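In what follows, a structure is listed as structure tokens, so that the remarks can point back to it.
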Amino acid sequence: DAGVTQSPTHLIKTRGQQVTLRCSPKSGHDTVSWYQQALGQGPQFIFQYYEEEERQRGNFPDRFSGHQFPNYSSELNVNALLLGDSALYLCASSSNYEQYFGPGTRLTVT
Amino acid sequence: GENVEQHPSTLSVQEGDSAVIKCTYSDSASNYFPWYKQELGKGPQLIIDIRSNVGEKKDQRIAVTLNKTAKHFSLHITETQPEDSAVYFCAASPSRSSASKIIFGSGTRLSIRP
């Protein structure tokens, strides 16, 4: 079992650009959540997808959007990037209470 | 609003000694409390969790306690080893029948002195 995988590992973008991050959940998991982790802080919940629908959303602007595919994989899209969007973006998959995290995508906005 | 406070922010213990990390939460609807360990360059790893109908849970050298009345929960690591060095996060979630958003604490950087 490969566990939760994310791509790319690292990404550098310029202010105003758009970015797409990808996540493949652990085998057997149907729910995907996305978190943003700024340096030295705990992860913050962005949103959660289940059955290809956004089920819950945290306090993030509409610039953050997502999608879940029929195979349960997911994408996180961020438009009009700001310097403050620089962070580690984590994907977590679950089938019950427990959420298991991937290694994350390190996004740097310059 | 929903908040999880975690103390201390840094903790240094001698190898073989015990380490304790304490957290409090604000949302009374929280009923699931996971703990994560994050090593440098990696995602958080679930190490133990506890649900609100249980006061204590133990897994080898790791134990968690929960006091729902006081909204306190703690992580205890006994016989610490060098590989225990990492950042530890407590978290709370209002999960009901399935996974829900997790609110994380700010983390504790644990260092084990040889």
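Identifiers in the structure tokens: chain A, B, ... in order shown; residue index from 1 per chain; ligand index from 1 in order shown.
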Where does chain A meet chain B within 9 Å, residue by residue, with the nearest atom pair and distance in Å to one decimal for each, counting only C-alpha atoms, listed by chain and rising number, as a tab-separated table?
residue	atom	partner	partner_atom	distance
A:Thr31	CA	B:Ala99	CA	7.8
A:Ser33	CA	B:Lys101	CA	7.8
A:Gly40	CA	B:Ser106	CA	7.9
A:Gln41	CA	B:Ser106	CA	5.3
A:Gly42	CA	B:Ser106	CA	4.8
A:Pro43	CA	B:Phe104	CA	6.3
A:Gln44	CA	B:Ile103	CA	7.0
A:Phe45	CA	B:Lys101	CA	6.3
A:Ile46	CA	B:Lys101	CA	8.7
A:Phe47	CA	B:Lys101	CA	7.8
A:Gln48	CA	B:Lys101	CA	7.5
A:Gln56	CA	B:Lys101	CA	7.4
A:Arg57	CA	B:Lys101	CA	8.3
A:Gly58	CA	B:Lys101	CA	8.1
A:Leu90	CA	B:Gly43	CA	7.1
A:Cys91	CA	B:Gly43	CA	8.9
A:Ser94	CA	B:Ala99	CA	6.6
A:Ser95	CA	B:Ala99	CA	7.2
A:Asn96	CA	B:Ser98	CA	4.8
A:Tyr97	CA	B:Ala99	CA	4.3
A:Glu98	CA	B:Ala99	CA	6.6
A:Gln99	CA	B:Ala99	CA	7.1
A:Tyr100	CA	B:Leu46	CA	6.7
A:Phe101	CA	B:Gly43	CA	5.8
A:Gly102	CA	B:Gly43	CA	5.5
A:Pro103	CA	B:Gly43	CA	4.2
A:Gly104	CA	B:Gly43	CA	6.0
Would you put the residues from that selection into a file with N, CA, C and O atoms, as a tab-separated table (two decimals), in the first residue's frame?
chain	number	residue	atom	x	y	z
A	31	THR	N	-12.54	9.65	1.25
A	31	THR	CA	-12.66	11.05	1.68
A	31	THR	C	-11.28	11.70	1.67
A	31	THR	O	-10.31	11.11	2.15
A	33	SER	N	-9.19	15.36	2.51
A	33	SER	CA	-9.18	16.69	3.12
A	33	SER	C	-7.87	17.39	2.76
A	33	SER	O	-6.84	16.74	2.63
A	40	GLY	N	6.26	26.59	11.03
A	40	GLY	CA	6.22	26.70	12.49
A	40	GLY	C	4.84	26.65	13.09
A	40	GLY	O	4.67	26.92	14.29
A	41	GLN	N	3.83	26.33	12.28
A	41	GLN	CA	2.46	26.29	12.78
A	41	GLN	C	1.82	24.93	12.54
A	41	GLN	O	2.35	24.10	11.80
A	42	GLY	N	0.67	24.73	13.15
A	42	GLY	CA	-0.09	23.52	12.91
A	42	GLY	C	-0.88	23.64	11.60
A	42	GLY	O	-1.15	24.74	11.13
A	43	PRO	N	-1.23	22.52	11.00
A	43	PRO	CA	-2.03	22.55	9.77
A	43	PRO	C	-3.39	23.20	10.00
A	43	PRO	O	-3.98	23.07	11.07
A	44	GLN	N	-3.86	23.92	8.97
A	44	GLN	CA	-5.19	24.54	9.02
A	44	GLN	C	-6.06	23.94	7.93
A	44	GLN	O	-5.65	23.85	6.77
A	45	PHE	N	-7.29	23.60	8.30
A	45	PHE	CA	-8.23	22.92	7.41
A	45	PHE	C	-8.71	23.85	6.31
A	45	PHE	O	-9.18	24.95	6.57
A	46	ILE	N	-8.58	23.38	5.04
A	46	ILE	CA	-9.07	24.17	3.90
A	46	ILE	C	-10.46	23.69	3.50
A	46	ILE	O	-11.43	24.44	3.53
A	47	PHE	N	-10.56	22.41	3.10
A	47	PHE	CA	-11.86	21.80	2.78
A	47	PHE	C	-11.73	20.30	2.68
A	47	PHE	O	-10.63	19.74	2.72
A	48	GLN	N	-12.90	19.65	2.59
A	48	GLN	CA	-12.96	18.19	2.53
A	48	GLN	C	-13.88	17.76	1.39
A	48	GLN	O	-14.96	18.38	1.18
A	56	GLN	N	-17.18	19.98	3.56
A	56	GLN	CA	-16.91	20.97	4.61
A	56	GLN	C	-15.87	21.94	4.08
A	56	GLN	O	-15.04	21.57	3.25
A	57	ARG	N	-15.88	23.16	4.64
A	57	ARG	CA	-14.92	24.17	4.21
A	57	ARG	C	-14.46	24.97	5.42
A	57	ARG	O	-15.26	25.30	6.29
A	58	GLY	N	-13.19	25.28	5.46
A	58	GLY	CA	-12.62	26.11	6.51
A	58	GLY	C	-12.66	27.58	6.10
A	58	GLY	O	-13.29	27.94	5.10
A	90	LEU	N	-0.99	20.02	2.62
A	90	LEU	CA	-1.12	18.62	3.00
A	90	LEU	C	-2.47	18.07	2.58
A	90	LEU	O	-3.49	18.74	2.72
A	91	CYS	N	-2.43	16.85	2.11
A	91	CYS	CA	-3.65	16.13	1.78
A	91	CYS	C	-3.78	14.99	2.79
A	91	CYS	O	-2.78	14.37	3.16
A	94	SER	N	-9.20	9.48	4.35
A	94	SER	CA	-9.84	8.78	5.45
A	94	SER	C	-11.00	7.93	4.94
A	94	SER	O	-11.55	8.19	3.87
A	95	SER	N	-11.35	6.93	5.73
A	95	SER	CA	-12.55	6.15	5.45
A	95	SER	C	-13.43	6.11	6.69
A	95	SER	O	-14.57	5.70	6.62
A	96	ASN	N	-12.89	6.56	7.79
A	96	ASN	CA	-13.61	6.61	9.06
A	96	ASN	C	-13.10	7.85	9.80
A	96	ASN	O	-12.83	8.86	9.19
A	97	TYR	N	-12.97	7.76	11.11
A	97	TYR	CA	-12.51	8.91	11.87
A	97	TYR	C	-11.08	9.31	11.51
A	97	TYR	O	-10.76	10.49	11.41
A	98	GLU	N	-10.20	8.27	11.37
A	98	GLU	CA	-8.77	8.56	11.25
A	98	GLU	C	-8.43	9.20	9.92
A	98	GLU	O	-8.90	8.76	8.87
A	99	GLN	N	-7.59	10.26	9.96
A	99	GLN	CA	-7.11	10.89	8.75
A	99	GLN	C	-5.61	10.66	8.65
A	99	GLN	O	-4.87	10.91	9.61
A	100	TYR	N	-5.17	10.21	7.47
A	100	TYR	CA	-3.77	9.90	7.23
A	100	TYR	C	-3.22	10.88	6.20
A	100	TYR	O	-3.81	11.06	5.13
A	101	PHE	N	-2.10	11.49	6.54
A	101	PHE	CA	-1.54	12.56	5.73
A	101	PHE	C	-0.49	12.08	4.73
A	101	PHE	O	0.25	11.13	5.00
A	102	GLY	N	-0.44	12.80	3.61
A	102	GLY	CA	0.64	12.61	2.66
A	102	GLY	C	1.84	13.46	3.06
A	102	GLY	O	1.79	14.17	4.06
A	103	PRO	N	2.90	13.42	2.26
A	103	PRO	CA	4.12	14.16	2.59
A	103	PRO	C	4.03	15.65	2.33
A	103	PRO	O	4.85	16.42	2.81
A	104	GLY	N	3.01	16.06	1.57
A	104	GLY	CA	2.81	17.48	1.32
A	104	GLY	C	3.48	17.99	0.06
A	104	GLY	O	4.38	17.36	-0.50
Could you pull out all residues of chain B with a DSSP call of strand (DSSP E) and give them as a compact mmCIF listing (two decimals) with C-alpha atoms, in the first residue's frame?
# COMPACT_ATOMS: atom_id res chain seq x y z
CA VAL B 4 -6.89 24.08 20.47
CA GLU B 5 -4.12 25.33 22.74
CA GLN B 6 -0.97 23.26 23.23
CA HIS B 7 1.85 23.49 25.80
CA THR B 10 9.40 23.21 23.14
CA LEU B 11 10.39 20.35 25.42
CA SER B 12 13.79 18.81 26.04
CA VAL B 13 14.10 15.60 28.07
CA GLN B 14 16.88 13.18 28.89
CA ALA B 19 7.62 13.59 28.25
CA VAL B 20 4.18 15.12 28.73
CA ILE B 21 2.36 17.45 26.36
CA LYS B 22 -0.90 19.12 27.37
CA CYS B 23 -3.76 20.54 25.31
CA THR B 24 -7.07 22.25 25.87
CA TYR B 25 -9.94 22.68 23.41
CA TYR B 32 -12.32 12.78 18.59
CA PHE B 33 -8.76 13.67 19.64
CA PRO B 34 -5.86 12.48 17.47
CA TRP B 35 -2.16 13.07 18.08
CA TYR B 36 0.30 13.47 15.24
CA LYS B 37 4.09 13.29 15.02
CA GLN B 38 5.79 15.30 12.29
CA GLN B 45 1.88 10.80 11.19
CA LEU B 46 -1.05 9.62 13.31
CA ILE B 47 0.44 8.01 16.43
CA ILE B 48 -2.56 7.57 18.72
CA ASP B 49 -6.12 8.83 19.07
CA ILE B 50 -8.90 8.80 21.64
CA ARG B 51 -12.64 9.26 21.45
CA GLU B 56 -7.45 6.88 28.71
CA LYS B 57 -5.76 4.87 25.99
CA LYS B 58 -2.30 3.29 25.88
CA ASP B 59 -0.15 1.91 23.08
CA ILE B 62 2.54 6.20 24.43
CA ALA B 63 -0.61 7.04 26.40
CA VAL B 64 -3.31 9.67 26.07
CA THR B 65 -5.72 10.92 28.71
CA LEU B 66 -8.90 12.92 28.22
CA ASN B 67 -10.90 15.00 30.69
CA HIS B 72 -8.13 18.88 28.68
CA PHE B 73 -6.21 16.07 27.02
CA SER B 74 -2.58 14.99 27.30
CA LEU B 75 0.06 12.86 25.62
CA HIS B 76 2.52 10.88 27.74
CA ILE B 77 5.63 9.27 26.27
CA ALA B 86 10.01 15.47 16.39
CA VAL B 87 7.19 18.01 16.45
CA TYR B 88 4.02 16.70 18.07
CA PHE B 89 0.54 18.10 17.37
CA CYS B 90 -2.60 17.57 19.39
CA ALA B 91 -5.90 18.00 17.59
CA ALA B 92 -9.65 17.94 18.11
CA ILE B 103 -8.40 21.60 14.48
CA PHE B 104 -4.70 21.41 15.33
CA THR B 108 5.47 20.94 20.58
CA ARG B 109 9.05 20.48 19.46
CA LEU B 110 10.36 17.53 21.50
CA SER B 111 14.11 16.99 21.73
CA ILE B 112 15.60 13.91 23.39
CA ARG B 113 19.05 14.49 24.92
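The gap separating CA of His29 in chain A from CA of Phe69 in chain A is 12.8 Å, in Å to one decimal.
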Contacts of Arg22 in chain A at 7 Å or less, counting only C-alpha atoms, minus same-chain residues fewer than 4 places along, as a ChimeraX atom specification?
/A:6-7,74-76
Only N, CA and C atoms, please: the residues just picked out, written as a short mmCIF file (atom, residue, chain, number, x, y, z; two decimals), in the first residue's frame.
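Writing done, so here's out_35.cif:
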data_model
loop_
_atom_site.label_atom_id
_atom_site.label_comp_id
_atom_site.auth_asym_id
_atom_site.auth_seq_id
_atom_site.Cartn_x
_atom_site.Cartn_y
_atom_site.Cartn_z
N GLN A 6 1.28 12.70 -2.95
CA GLN A 6 1.01 14.06 -3.41
C GLN A 6 2.04 14.47 -4.45
N SER A 7 1.59 15.29 -5.40
CA SER A 7 2.52 15.83 -6.40
C SER A 7 2.12 17.24 -6.77
N SER A 74 -7.80 13.73 -5.77
CA SER A 74 -8.30 15.10 -5.61
C SER A 74 -7.28 16.11 -6.07
N GLU A 75 -7.76 17.28 -6.41
CA GLU A 75 -6.92 18.42 -6.77
C GLU A 75 -7.28 19.61 -5.90
N LEU A 76 -6.26 20.41 -5.59
CA LEU A 76 -6.44 21.70 -4.93
C LEU A 76 -5.96 22.77 -5.90
#
Exercise: Val19 in chain A partners within 7 Å, only C-alpha atoms, chain neighbours under 5 positions left out, as a count of residues only
3
Just how far from CA of Arg15 in chain A is CA of Trp34 in chain A, in Å to one decimal?
21.5 Å
Might you pull out every residue within 6 Å of Glu79 in chain B, with only C-alpha atoms counted and same-chain residues fewer than 4 positions away left off, and present them as a PDB file with C-alpha atoms, in the first residue's frame?
ATOM      1  CA  GLY B  16      14.850   7.366  29.103  1.00  0.00           C
ATOM      2  CA  ASP B  17      12.799  10.013  30.927  1.00  0.00           C
ATOM      3  CA  SER B  18       9.114  10.755  30.298  1.00  0.00           C
TER       4      SER B  18
END
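Relative to CA of Ser86 in chain A, CA of Ile12 in chain A is found at 9.1 Å.
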Using only C-alpha atoms, the residue out of B:Leu40, B:Pro8, B:Ala70, B:Glu15 with shortest distance to Ser28 in chain B is B:Ala70
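Among the candidate residues A:Arg55, A:Gln37, A:Pro70, A:Ala87, the one lying nearest to Ser24 in chain A is A:Pro70, with distances computed using only C-alpha atoms.
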Residue nearest Phe60 in chain A - candidates A:Leu83, A:Tyr72, A:Gly3, A:Gln36, atoms counted: only C-alpha atoms
A:Gln36
